[in-house]
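*Asks:* Handing over input11.txt, compact mmCIF, C-alpha atoms and all ligand atoms.
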# COMPACT_ATOMS: atom_id res chain seq x y z
CA MET A 1 -55.08 80.48 -44.72
CA MET A 2 -54.77 76.77 -44.24
CA GLY A 3 -52.93 75.81 -41.14
CA ALA A 4 -49.86 73.64 -41.36
CA ILE A 5 -48.29 71.19 -39.05
CA ARG A 6 -44.76 72.14 -38.23
CA VAL A 7 -42.64 69.41 -36.86
CA VAL A 8 -39.49 70.69 -35.29
CA ILE A 9 -36.86 68.11 -34.62
CA ALA A 10 -34.47 68.97 -31.86
CA GLY A 11 -31.68 67.11 -30.12
CA GLY A 12 -29.12 65.23 -32.15
CA HIS A 13 -30.31 66.80 -35.42
CA PRO A 14 -29.00 69.75 -37.38
CA ALA A 15 -30.42 72.70 -35.52
CA GLY A 16 -33.69 74.00 -36.86
CA ALA A 17 -34.61 71.14 -39.19
CA VAL A 18 -38.25 71.83 -39.99
CA PHE A 19 -40.81 69.77 -41.91
CA SER A 20 -44.04 71.33 -43.06
CA LEU A 21 -46.95 69.13 -43.97
CA ALA A 22 -50.48 69.86 -45.13
CA ALA A 23 -52.89 70.48 -42.29
CA GLY A 24 -54.68 67.46 -40.97
CA ARG A 25 -52.02 64.91 -41.77
CA TYR A 26 -50.82 63.19 -38.68
CA CYS A 27 -47.10 62.82 -39.00
CA GLU A 28 -45.77 62.06 -35.56
CA ARG A 29 -44.84 58.49 -36.41
CA ALA A 30 -42.74 59.45 -39.39
CA VAL A 31 -40.83 61.93 -37.35
CA LEU A 32 -40.32 59.66 -34.40
CA ALA A 33 -38.37 57.36 -36.66
CA ARG A 34 -35.89 60.13 -37.31
CA SER A 35 -35.23 61.44 -33.83
CA ASP A 36 -35.79 60.71 -30.17
CA THR A 37 -36.78 64.29 -29.43
CA ILE A 38 -39.61 66.01 -31.23
CA ILE A 39 -41.64 69.11 -30.72
CA VAL A 40 -44.94 69.04 -32.55
CA THR A 41 -46.68 72.39 -32.94
CA MET A 42 -49.82 72.95 -34.94
CA ALA A 43 -49.78 76.49 -36.12
CA PHE A 44 -52.04 79.39 -35.39
CA PRO A 45 -54.90 79.91 -36.17
CA ILE A 46 -56.05 76.31 -35.77
CA HIS A 47 -54.82 76.43 -32.24
CA ARG A 48 -55.60 79.32 -29.93
CA LYS A 49 -54.56 78.45 -26.39
CA ARG A 50 -56.48 81.41 -25.06
CA ARG A 51 -59.81 79.66 -25.80
CA LEU A 52 -59.49 77.70 -22.57
CA ARG A 53 -58.56 80.74 -20.50
CA VAL A 54 -61.57 82.95 -21.22
CA SER A 55 -63.21 82.81 -17.79
CA GLU A 56 -62.54 81.58 -14.28
CA SER A 57 -65.05 78.76 -14.77
CA MET A 58 -63.21 77.66 -17.91
CA ARG A 59 -59.81 77.92 -16.20
CA ARG A 60 -61.03 75.95 -13.22
CA PHE A 61 -62.46 73.32 -15.56
CA VAL A 62 -59.10 72.62 -17.21
CA ARG A 63 -56.86 73.13 -14.16
CA GLU A 64 -54.27 70.37 -13.79
CA THR A 65 -53.11 70.88 -10.22
CA HIS A 66 -55.25 71.18 -7.12
CA LEU A 67 -54.49 72.06 -3.52
CA GLU A 68 -56.34 70.52 -0.60
CA PRO A 69 -55.91 71.41 3.09
CA SER A 70 -55.62 67.68 3.83
CA GLN A 71 -52.29 67.70 1.96
CA PHE A 72 -50.77 70.31 4.27
CA LEU A 73 -48.78 69.79 7.44
CA LEU A 74 -48.24 72.73 9.78
CA PRO A 75 -44.90 72.79 11.64
CA LEU A 76 -45.27 73.95 15.26
CA PHE A 77 -42.73 74.84 17.96
CA ILE A 78 -43.40 73.85 21.56
CA CYS A 79 -41.74 75.58 24.48
CA PRO A 80 -41.93 75.19 28.26
CA GLY A 81 -44.37 77.18 30.38
CA GLU A 82 -48.05 77.98 30.32
CA GLY A 83 -50.00 80.52 28.34
CA VAL A 84 -46.93 81.22 26.18
CA ARG A 85 -47.45 82.44 22.59
CA ARG A 86 -44.16 84.07 21.68
CA GLU A 87 -44.02 85.32 18.11
CA ILE A 88 -40.89 84.38 16.14
CA GLY A 89 -39.40 87.61 14.78
CA SER A 90 -38.28 86.24 11.44
CA MET A 91 -41.45 84.21 10.87
CA PRO A 92 -44.41 86.58 11.29
CA GLY A 93 -47.57 84.81 12.47
CA ASN A 94 -45.64 81.80 13.83
CA CYS A 95 -45.10 81.39 17.56
CA GLN A 96 -43.32 79.30 20.12
CA LEU A 97 -46.26 77.76 21.98
CA SER A 98 -46.53 76.23 25.42
CA ILE A 99 -48.43 72.94 25.50
CA ASP A 100 -51.77 74.49 26.52
CA GLU A 101 -51.53 76.97 23.65
CA LEU A 102 -50.42 74.20 21.29
CA VAL A 103 -53.61 72.30 22.05
CA LYS A 104 -55.70 75.36 21.11
CA GLU A 105 -53.69 75.79 17.93
CA CYS A 106 -54.25 72.13 17.03
CA GLU A 107 -58.00 72.56 17.48
CA THR A 108 -57.89 75.37 14.92
CA VAL A 109 -55.72 73.26 12.61
CA ARG A 110 -58.21 70.39 12.77
CA SER A 111 -61.18 72.67 12.19
CA LEU A 112 -59.54 73.93 8.98
CA GLY A 113 -59.22 70.38 7.63
CA ILE A 114 -55.41 70.51 7.58
CA GLY A 115 -53.77 67.09 7.32
CA GLY A 116 -51.76 67.30 10.51
CA VAL A 117 -49.00 68.95 12.49
CA MET A 118 -45.24 68.44 12.64
CA LEU A 119 -43.99 69.05 16.18
CA PHE A 120 -40.61 70.51 17.17
CA GLY A 121 -39.58 70.83 20.81
CA ILE A 122 -37.58 73.51 22.56
CA PRO A 123 -36.48 72.02 25.88
CA ASP A 124 -35.77 74.15 28.97
CA HIS A 125 -32.37 72.56 29.22
CA LYS A 126 -29.87 71.40 26.59
CA ASP A 127 -26.88 69.14 27.14
CA GLU A 128 -24.12 67.26 25.32
CA LEU A 129 -26.20 64.09 25.20
CA ALA A 130 -29.44 65.58 23.84
CA SER A 131 -31.17 63.90 26.75
CA GLY A 132 -34.31 66.00 26.28
CA ALA A 133 -34.79 64.43 22.86
CA TYR A 134 -35.57 60.96 24.21
CA ALA A 135 -36.83 61.68 27.73
CA ALA A 136 -40.19 59.99 28.36
CA ASP A 137 -41.49 63.26 29.81
CA GLY A 138 -39.65 65.53 27.36
CA ILE A 139 -41.37 68.54 25.86
CA VAL A 140 -42.43 66.83 22.62
CA GLN A 141 -43.50 63.64 24.38
CA ARG A 142 -45.77 65.64 26.74
CA ALA A 143 -47.06 67.71 23.84
CA VAL A 144 -47.97 64.62 21.82
CA ARG A 145 -49.90 63.15 24.76
CA ALA A 146 -51.80 66.40 25.29
CA VAL A 147 -52.71 66.86 21.62
CA LYS A 148 -53.72 63.24 21.08
CA ARG A 149 -55.97 63.45 24.13
CA ALA A 150 -57.56 66.82 23.33
CA VAL A 151 -57.69 66.74 19.53
CA PRO A 152 -58.26 63.14 18.50
CA GLY A 153 -58.33 62.61 14.77
CA LEU A 154 -55.58 65.14 14.05
CA LEU A 155 -52.45 63.47 12.69
CA VAL A 156 -49.50 64.20 14.95
CA ILE A 157 -46.10 63.78 13.35
CA THR A 158 -42.90 64.33 15.30
CA ASP A 159 -39.60 65.62 14.01
CA VAL A 160 -36.90 63.23 15.21
CA CYS A 161 -33.62 65.10 15.59
CA ASN A 162 -31.16 66.17 18.25
CA CYS A 163 -30.18 69.70 17.27
CA GLU A 164 -32.83 71.39 19.43
CA TYR A 165 -31.61 69.37 22.43
CA THR A 166 -27.82 69.51 22.25
CA SER A 167 -25.87 72.31 23.93
CA HIS A 168 -23.73 72.62 20.76
CA GLY A 169 -26.70 72.67 18.37
CA HIS A 170 -25.49 69.80 16.17
CA CYS A 171 -27.75 66.92 15.21
CA GLY A 172 -25.86 64.20 17.07
CA LYS A 173 -23.06 63.13 19.35
CA ILE A 174 -19.81 65.03 18.81
CA VAL A 175 -16.65 62.92 18.59
CA ASP A 176 -13.41 64.61 17.51
CA GLY A 177 -15.20 67.74 16.41
CA ASP A 178 -17.66 65.97 14.10
CA VAL A 179 -21.06 64.35 14.53
CA ASP A 180 -20.49 60.63 15.07
CA ASN A 181 -22.91 58.74 12.87
CA ASP A 182 -23.26 55.41 14.61
CA ALA A 183 -23.34 56.74 18.16
CA THR A 184 -26.13 59.12 17.13
CA LEU A 185 -28.32 56.30 15.78
CA ALA A 186 -29.08 55.08 19.30
CA TRP A 187 -30.34 58.54 20.36
CA LEU A 188 -32.53 58.75 17.28
CA ALA A 189 -34.04 55.31 17.80
CA GLU A 190 -34.72 56.15 21.46
CA SER A 191 -36.33 59.46 20.49
CA ALA A 192 -38.57 57.86 17.88
CA LEU A 193 -39.58 55.18 20.35
CA SER A 194 -40.43 57.76 23.04
CA HIS A 195 -42.56 59.66 20.50
CA ALA A 196 -44.37 56.48 19.50
CA CYS A 197 -44.97 55.63 23.17
CA ALA A 198 -46.48 59.08 23.63
CA GLY A 199 -48.87 58.40 20.75
CA ALA A 200 -47.23 59.99 17.68
CA ASP A 201 -48.97 58.83 14.50
CA ILE A 202 -45.82 59.12 12.36
CA VAL A 203 -42.16 59.77 13.17
CA ALA A 204 -40.03 61.91 10.86
CA PRO A 205 -36.24 61.71 11.21
CA SER A 206 -34.52 64.88 9.94
CA ASP A 207 -30.93 64.39 11.11
CA MET A 208 -29.38 62.90 7.91
CA MET A 209 -27.35 60.22 9.69
CA ASP A 210 -26.73 57.12 7.55
CA GLY A 211 -28.77 54.13 8.66
CA ARG A 212 -31.20 56.05 10.87
CA VAL A 213 -34.33 54.74 9.16
CA ALA A 214 -33.22 51.13 9.69
CA ALA A 215 -32.24 51.83 13.30
CA ILE A 216 -35.61 53.48 14.02
CA ARG A 217 -37.62 50.78 12.21
CA LYS A 218 -35.85 48.03 14.15
CA CYS A 219 -36.35 49.75 17.50
CA LEU A 220 -40.03 50.53 16.86
CA ASP A 221 -40.73 46.97 15.73
CA GLU A 222 -38.96 45.45 18.72
CA HIS A 223 -41.25 47.45 20.99
CA GLY A 224 -44.51 46.59 19.25
CA PHE A 225 -44.79 49.76 17.15
CA HIS A 226 -44.69 48.06 13.76
CA LYS A 227 -47.75 50.10 12.75
CA VAL A 228 -46.04 53.48 13.19
CA PRO A 229 -44.85 54.80 9.79
CA ILE A 230 -41.54 56.58 9.15
CA PHE A 231 -41.65 59.75 7.07
CA SER A 232 -37.99 60.26 6.20
CA TYR A 233 -36.45 63.64 5.48
CA ALA A 234 -34.50 61.67 2.89
CA ALA A 235 -33.14 64.42 0.66
CA LYS A 236 -32.36 67.20 3.09
CA PHE A 237 -29.90 69.81 1.94
CA ALA A 238 -27.44 71.95 3.89
CA SER A 239 -29.53 75.01 3.09
CA VAL A 240 -29.30 78.67 4.01
CA PHE A 241 -33.09 78.72 3.97
CA TYR A 242 -33.28 77.12 7.43
CA GLY A 243 -32.07 80.37 9.01
CA PRO A 244 -35.37 81.58 10.50
CA PHE A 245 -36.17 78.08 11.82
CA ARG A 246 -33.00 78.06 13.85
CA GLU A 247 -34.18 81.22 15.57
CA ALA A 248 -37.59 79.60 16.11
CA ALA A 249 -36.16 76.34 17.46
CA GLU A 250 -33.08 77.88 19.06
CA SER A 251 -31.04 75.25 17.26
CA ALA A 252 -28.23 77.06 15.41
CA PRO A 253 -24.96 75.09 15.60
CA GLN A 254 -22.51 76.73 18.00
CA PHE A 255 -19.51 75.83 15.84
CA GLY A 256 -19.09 74.82 12.21
CA ASP A 257 -22.09 73.94 10.07
CA ARG A 258 -24.11 70.90 9.00
CA ARG A 259 -22.34 70.20 5.71
CA SER A 260 -20.76 66.95 6.90
CA TYR A 261 -24.22 65.41 7.24
CA GLN A 262 -26.78 67.41 5.25
CA MET A 263 -26.55 67.24 1.45
CA ASP A 264 -24.67 69.46 -0.95
CA PRO A 265 -27.25 71.61 -2.80
CA ALA A 266 -25.52 70.78 -6.09
CA ASN A 267 -26.30 67.05 -6.01
CA ALA A 268 -29.39 65.54 -7.61
CA ARG A 269 -28.34 61.95 -8.30
CA GLU A 270 -27.06 61.66 -4.77
CA ALA A 271 -30.48 62.80 -3.55
CA MET A 272 -32.10 59.94 -5.47
CA HIS A 273 -29.64 57.52 -3.89
CA GLU A 274 -30.43 58.86 -0.40
CA MET A 275 -34.12 58.25 -1.10
CA GLU A 276 -33.54 54.78 -2.50
CA LEU A 277 -31.51 53.81 0.58
CA ASP A 278 -34.16 55.15 2.94
CA LEU A 279 -36.82 53.14 1.12
CA GLU A 280 -34.68 50.01 1.43
CA GLU A 281 -34.25 50.71 5.14
CA GLY A 282 -38.02 50.87 5.56
CA ALA A 283 -39.14 54.46 5.05
CA ASP A 284 -42.87 54.70 4.31
CA MET A 285 -42.77 58.23 2.93
CA LEU A 286 -39.97 60.39 1.56
CA MET A 287 -39.35 64.11 1.81
CA VAL A 288 -37.43 66.68 -0.19
CA LYS A 289 -36.33 69.72 1.79
CA PRO A 290 -36.31 72.68 1.05
CA ALA A 291 -39.06 72.72 -1.59
CA MET A 292 -38.94 75.58 -4.08
CA PRO A 293 -35.19 75.56 -4.78
CA TYR A 294 -35.45 71.75 -5.31
CA LEU A 295 -38.59 71.35 -7.44
CA ASP A 296 -36.63 69.25 -9.94
CA LEU A 297 -35.91 66.68 -7.23
CA ILE A 298 -39.53 66.56 -6.11
CA ARG A 299 -40.45 65.67 -9.69
CA GLN A 300 -37.71 63.05 -10.01
CA ALA A 301 -38.70 61.48 -6.69
CA LYS A 302 -42.36 61.39 -7.70
CA ASP A 303 -41.55 59.66 -10.98
CA ARG A 304 -39.24 57.13 -9.36
CA PHE A 305 -40.62 56.07 -6.01
CA PRO A 306 -44.01 54.45 -5.34
CA VAL A 307 -44.53 56.09 -1.93
CA PRO A 308 -46.01 59.44 -0.88
CA ILE A 309 -43.59 62.28 -1.54
CA GLY A 310 -43.52 65.21 0.86
CA ALA A 311 -41.87 68.58 0.35
CA TYR A 312 -40.96 71.04 3.08
CA GLN A 313 -41.45 74.68 2.20
CA VAL A 314 -38.98 75.75 4.86
CA SER A 315 -38.78 78.77 7.10
CA GLY A 316 -36.62 80.85 4.73
CA GLU A 317 -38.99 80.25 1.83
CA PHE A 318 -41.87 81.41 4.01
CA SER A 319 -39.98 84.41 5.38
CA MET A 320 -38.87 85.61 1.94
CA ILE A 321 -42.43 85.73 0.70
CA MET A 322 -43.59 87.32 3.93
CA ALA A 323 -40.87 89.98 3.85
CA ALA A 324 -41.60 90.91 0.24
CA ALA A 325 -45.32 91.11 0.99
CA ARG A 326 -44.71 93.31 4.04
CA ASN A 327 -42.70 95.65 1.86
CA GLY A 328 -45.60 95.88 -0.55
CA TRP A 329 -43.55 94.15 -3.26
CA LEU A 330 -45.71 91.03 -3.63
CA ASP A 331 -49.32 90.17 -3.03
CA LEU A 332 -49.15 87.76 -0.09
CA ASP A 333 -52.13 85.55 -0.90
CA ARG A 334 -51.18 85.10 -4.51
CA ALA A 335 -47.52 84.44 -3.73
CA MET A 336 -48.55 81.88 -1.11
CA MET A 337 -50.92 80.02 -3.42
CA GLU A 338 -48.59 80.15 -6.42
CA SER A 339 -45.68 78.81 -4.37
CA LEU A 340 -47.79 75.95 -2.99
CA THR A 341 -49.21 75.17 -6.42
CA SER A 342 -45.69 74.97 -7.88
CA ILE A 343 -44.68 72.46 -5.21
CA ARG A 344 -47.76 70.31 -5.89
CA ARG A 345 -47.26 70.58 -9.66
CA ALA A 346 -43.67 69.39 -9.24
CA GLY A 347 -45.12 66.24 -7.68
CA ALA A 348 -45.43 66.67 -3.92
CA ASP A 349 -48.28 64.69 -2.40
CA ILE A 350 -47.83 66.44 0.92
CA ILE A 351 -46.54 69.93 1.69
CA LEU A 352 -45.12 71.01 5.02
CA THR A 353 -45.76 74.73 5.11
CA TYR A 354 -45.99 77.60 7.56
CA PHE A 355 -48.81 78.88 5.31
CA ALA A 356 -51.01 75.85 6.09
CA LYS A 357 -53.68 77.77 8.00
CA ASP A 358 -53.87 80.75 5.64
CA ALA A 359 -53.86 78.51 2.59
CA ALA A 360 -56.60 76.31 4.06
CA ARG A 361 -58.68 79.43 4.69
CA ALA A 362 -58.07 80.66 1.17
CA LEU A 363 -59.26 77.31 -0.21
CA ALA A 364 -62.40 77.14 1.96
C1 LIG A 401 -33.86 69.80 12.46
C2 LIG A 401 -34.62 70.52 11.43
C3 LIG A 401 -34.33 71.73 10.77
C4 LIG A 401 -35.45 72.04 10.00
C5 LIG A 401 -36.37 71.01 10.19
N1 LIG A 401 -35.83 70.07 11.05
C6 LIG A 401 -33.18 72.65 10.86
C7 LIG A 401 -31.86 72.25 10.48
O1 LIG A 401 -31.61 71.19 9.91
O2 LIG A 401 -30.97 73.05 10.79
C8 LIG A 401 -35.64 73.27 9.17
C9 LIG A 401 -37.04 73.64 8.89
C10 LIG A 401 -37.25 75.03 8.42
O3 LIG A 401 -36.31 75.77 8.08
O4 LIG A 401 -38.43 75.41 8.34
N2 LIG A 401 -32.71 69.18 12.08
Would you kindly transcribe this structure into structure tokens?
Ligand code: PBG

*Replies:*
Amino acid sequence: MMGAIRVVIAGGHPAGAVFSLAAGRYCERAVLARSDTIIVTMAFPIHRKRRLRVSESMRRFVRETHLEPSQFLLPLFICPGEGVRREIGSMPGNCQLSIDELVKECETVRSLGIGGVMLFGIPDHKDELASGAYAADGIVQRAVRAVKRAVPGLLVITDVCNCEYTSHGHCGKIVDGDVDNDATLAWLAESALSHACAGADIVAPSDMMDGRVAAIRKCLDEHGFHKVPIFSYAAKFASVFYGPFREAAESAPQFGDRRSYQMDPANAREAMHEMELDLEEGADMLMVKPAMPYLDLIRQAKDRFPVPIGAYQVSGEFSMIMAAARNGWLDLDRAMMESLTSIRRAGADIILTYFAKDAARALA
């Protein structure tokens, strides 16, 4: 049987309009003139998609998306004390680490070829002013110094936010029951500066205050840190998937929620505007967070903005996969790699993931 070219015109045309032409005649141009949306399918048996799936060597040869350990960032939680490795119940395999243990962990991370680490601090004391967030000898500042000294060459990125440091667990200064945007900017700029002074390679604000990138850029530049990049958590949603992290970082808000500053999960165009504004304010890299429920936004960001796009596979995404695997419902390694591949395929250049070490091992 001779094959035929079926040209299906969709969108704006009577449903199902089909043109059949003799095999071998290229007809795309003719059809384009009729519609802005076309689906060209050349019929079986000329085309057999399975030809390129026959073996692993063939599949590897035509694979479109690749994962590399250098594209991963491992989030780590630093706590006071010495010799502390306290496993986080809802995030199996992840621990709160004292600085000495953090240094060991970072040596492992470097040896696996992972791009870098994202540091979160858990201070021994929280207050209304988040003073631990910008203290020169705060937990993150000391951790950065220790890691940069002991593990040179590993990229150290710091999360810039206040929620781990405030007694109320919100990301900024509370005025009249709400986080005050402009008063919080000064804390954020101070925090970023203290991280840069400690040697952070990149600072990553995650608070979602308006104008924070500009405030941080200005403060860093005024203090001679014009070379320190800003990786902005630009499109960060008020997501239920941060639940396990808040146990890990002891940062759950004590009243209300974060919906007056983090984004509404329903909004995509607003996410693009957030990213555009952060770029204008001087962000060097942009992040979408969480990752898997927002793959469409990762793709849109990748197509629109000429900077590296990061995606954060957050604690809840990790814990869901982990929980299913522990129940024997999913194969852990395959779920891990498929989830990371989907995030890359959507367009992420960089993936923050609690699977960084296991995925790097799987790729070795
Ligand atoms: C701090 C911050 C959060 C996460 C990263 N930075 C929590 C939050 O906004 O409540 C979540 C990361 C994760 O769930 O893995 N603001």

*Asks:* Please, what is the axis-aligned box for every listed atom of ligand LIG 401 (chain A) with 5 Å on each side, as centre and edge lengths in Å to one decimal, as JSON?

*Replies:*
{"center_x": -34.7, "center_y": 72.5, "center_z": 10.3, "size_x": 17.5, "size_y": 16.6, "size_z": 14.4}

*Asks:* Pull the closest atom pair for each residue of chain A that gets at most 9 Å from ligand LIG 401 (chain A), along with the distance in Å to one decimal, counting all atoms listed in the file, ordering rows by chain and then ascending residue number, as a Markdown table.

*Replies:*
| residue | atom | partner | partner_atom | distance |
| --- | --- | --- | --- | --- |
| A:Pro75 | CA | A:LIG401 | O4 | 7.7 |
| A:Phe120 | CA | A:LIG401 | N1 | 7.8 |
| A:Asp159 | CA | A:LIG401 | N1 | 6.5 |
| A:Val160 | CA | A:LIG401 | C1 | 7.7 |
| A:Cys161 | CA | A:LIG401 | N2 | 5.5 |
| A:Asn162 | CA | A:LIG401 | N2 | 7.0 |
| A:Cys163 | CA | A:LIG401 | N2 | 5.8 |
| A:Glu164 | CA | A:LIG401 | C1 | 7.2 |
| A:Gly169 | CA | A:LIG401 | O2 | 8.7 |
| A:His170 | CA | A:LIG401 | N2 | 8.3 |
| A:Cys171 | CA | A:LIG401 | N2 | 6.3 |
| A:Pro205 | CA | A:LIG401 | N2 | 8.3 |
| A:Ser206 | CA | A:LIG401 | N2 | 5.1 |
| A:Asp207 | CA | A:LIG401 | N2 | 5.2 |
| A:Met208 | CA | A:LIG401 | N2 | 8.2 |
| A:Tyr233 | CA | A:LIG401 | N1 | 8.5 |
| A:Lys236 | CA | A:LIG401 | O1 | 7.9 |
| A:Phe237 | CA | A:LIG401 | O1 | 8.3 |
| A:Ala238 | CA | A:LIG401 | O1 | 7.4 |
| A:Ser239 | CA | A:LIG401 | O2 | 8.1 |
| A:Val240 | CA | A:LIG401 | O3 | 8.6 |
| A:Phe241 | CA | A:LIG401 | O3 | 6.0 |
| A:Tyr242 | CA | A:LIG401 | O3 | 3.4 |
| A:Gly243 | CA | A:LIG401 | O3 | 6.3 |
| A:Pro244 | CA | A:LIG401 | O3 | 6.4 |
| A:Phe245 | CA | A:LIG401 | O3 | 4.4 |
| A:Arg246 | CA | A:LIG401 | C6 | 6.2 |
| A:Ala248 | CA | A:LIG401 | O4 | 8.9 |
| A:Ala249 | CA | A:LIG401 | C6 | 8.1 |
| A:Ser251 | CA | A:LIG401 | O2 | 6.8 |
| A:Ala252 | CA | A:LIG401 | O2 | 6.7 |
| A:Pro253 | CA | A:LIG401 | O2 | 8.0 |
| A:Asp257 | CA | A:LIG401 | O2 | 9.0 |
| A:Arg258 | CA | A:LIG401 | O2 | 7.4 |
| A:Gln262 | CA | A:LIG401 | O1 | 7.7 |
| A:Lys289 | CA | A:LIG401 | C9 | 8.1 |
| A:Pro290 | CA | A:LIG401 | O3 | 7.7 |
| A:Tyr312 | CA | A:LIG401 | O4 | 7.3 |
| A:Gln313 | CA | A:LIG401 | O4 | 6.9 |
| A:Val314 | CA | A:LIG401 | O4 | 3.5 |
| A:Ser315 | CA | A:LIG401 | O4 | 3.6 |
| A:Gly316 | CA | A:LIG401 | O3 | 6.1 |
| A:Glu317 | CA | A:LIG401 | O4 | 8.1 |
| A:Phe318 | CA | A:LIG401 | O4 | 8.2 |
| A:Leu352 | CA | A:LIG401 | O4 | 8.7 |
| A:Thr353 | CA | A:LIG401 | O4 | 8.0 |
| A:Tyr354 | CA | A:LIG401 | O4 | 7.9 |

*Asks:* Can you pull out the residues contacting Pro80 (chain A)? Cut-off 7 Å, using all atoms listed in the file, and skip same-chain residues under 4 positions away; I want them as a PyMOL selection string.

*Replies:* chain A and resi 98+123-124

*Asks:* Pick the closest to Ala301 (chain A) from A:Leu330, A:Met337, A:Ala146, A:Ala234: which is it, counting all atoms listed in the file?

*Replies:*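 Result for the nearest residue to Ala301 (chain A): A:Ala234.
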
*Asks:* Using all atoms listed in the file, which of the listed residues (A:Leu129, A:Leu297, A:Val54, A:Ala346) sits closest to His168 (chain A)?

*Replies:*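 Among A:Leu129, A:Leu297, A:Val54, A:Ala346, it is A:Leu129 that comes nearest to His168 (chain A).
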
*Asks:* Using Å and a single decimal, report how far CA of Asp178 (chain A) sits from CA of Ala192 (chain A).

*Replies:*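 Distance reported for this atom pair: 22.7 Å.
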
*Asks:* Name the residues in contact with region 215-218 of chain A at a cut-off of 9 Å, using all atoms listed in the file, excluding same-chain residues fewer than 6 positions from it; report them as a VMD selection string.

*Replies:* chain A and resid 185 to 186 188 to 193 205 225 to 226 228 to 230 281 to 283

*Asks:* Which residues are near Lys302 (chain A)? Cut-off 8 Å, only C-alpha atoms, ignore same chain within fewer than 4 positions. Put them as a ChimeraX atom specification.

*Replies:* /A:298,306,308-309,347-348

*Asks:* So, counting only C-alpha atoms, which residue among A:Gly113, A:Cys95, A:Gly132, A:Ala198 is closest to Val147 (chain A)?

*Replies:*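 The closest residue to Val147 (chain A) is A:Ala198.
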
*Asks:* Counting all atoms listed in the file, which residue out of A:Ser194, A:Ser90, A:Ser111, A:Gln96 sits closest to Asp137 (chain A)?

*Replies:*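 Closest residue, counting all atoms listed in the file: A:Ser194.
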
*Asks:* If I take CA of Val213 (chain A) and CA of His125 (chain A), how far is one from the other in Å, to one decimal?

*Replies:*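 Distance between the two atoms: 26.9 Å.
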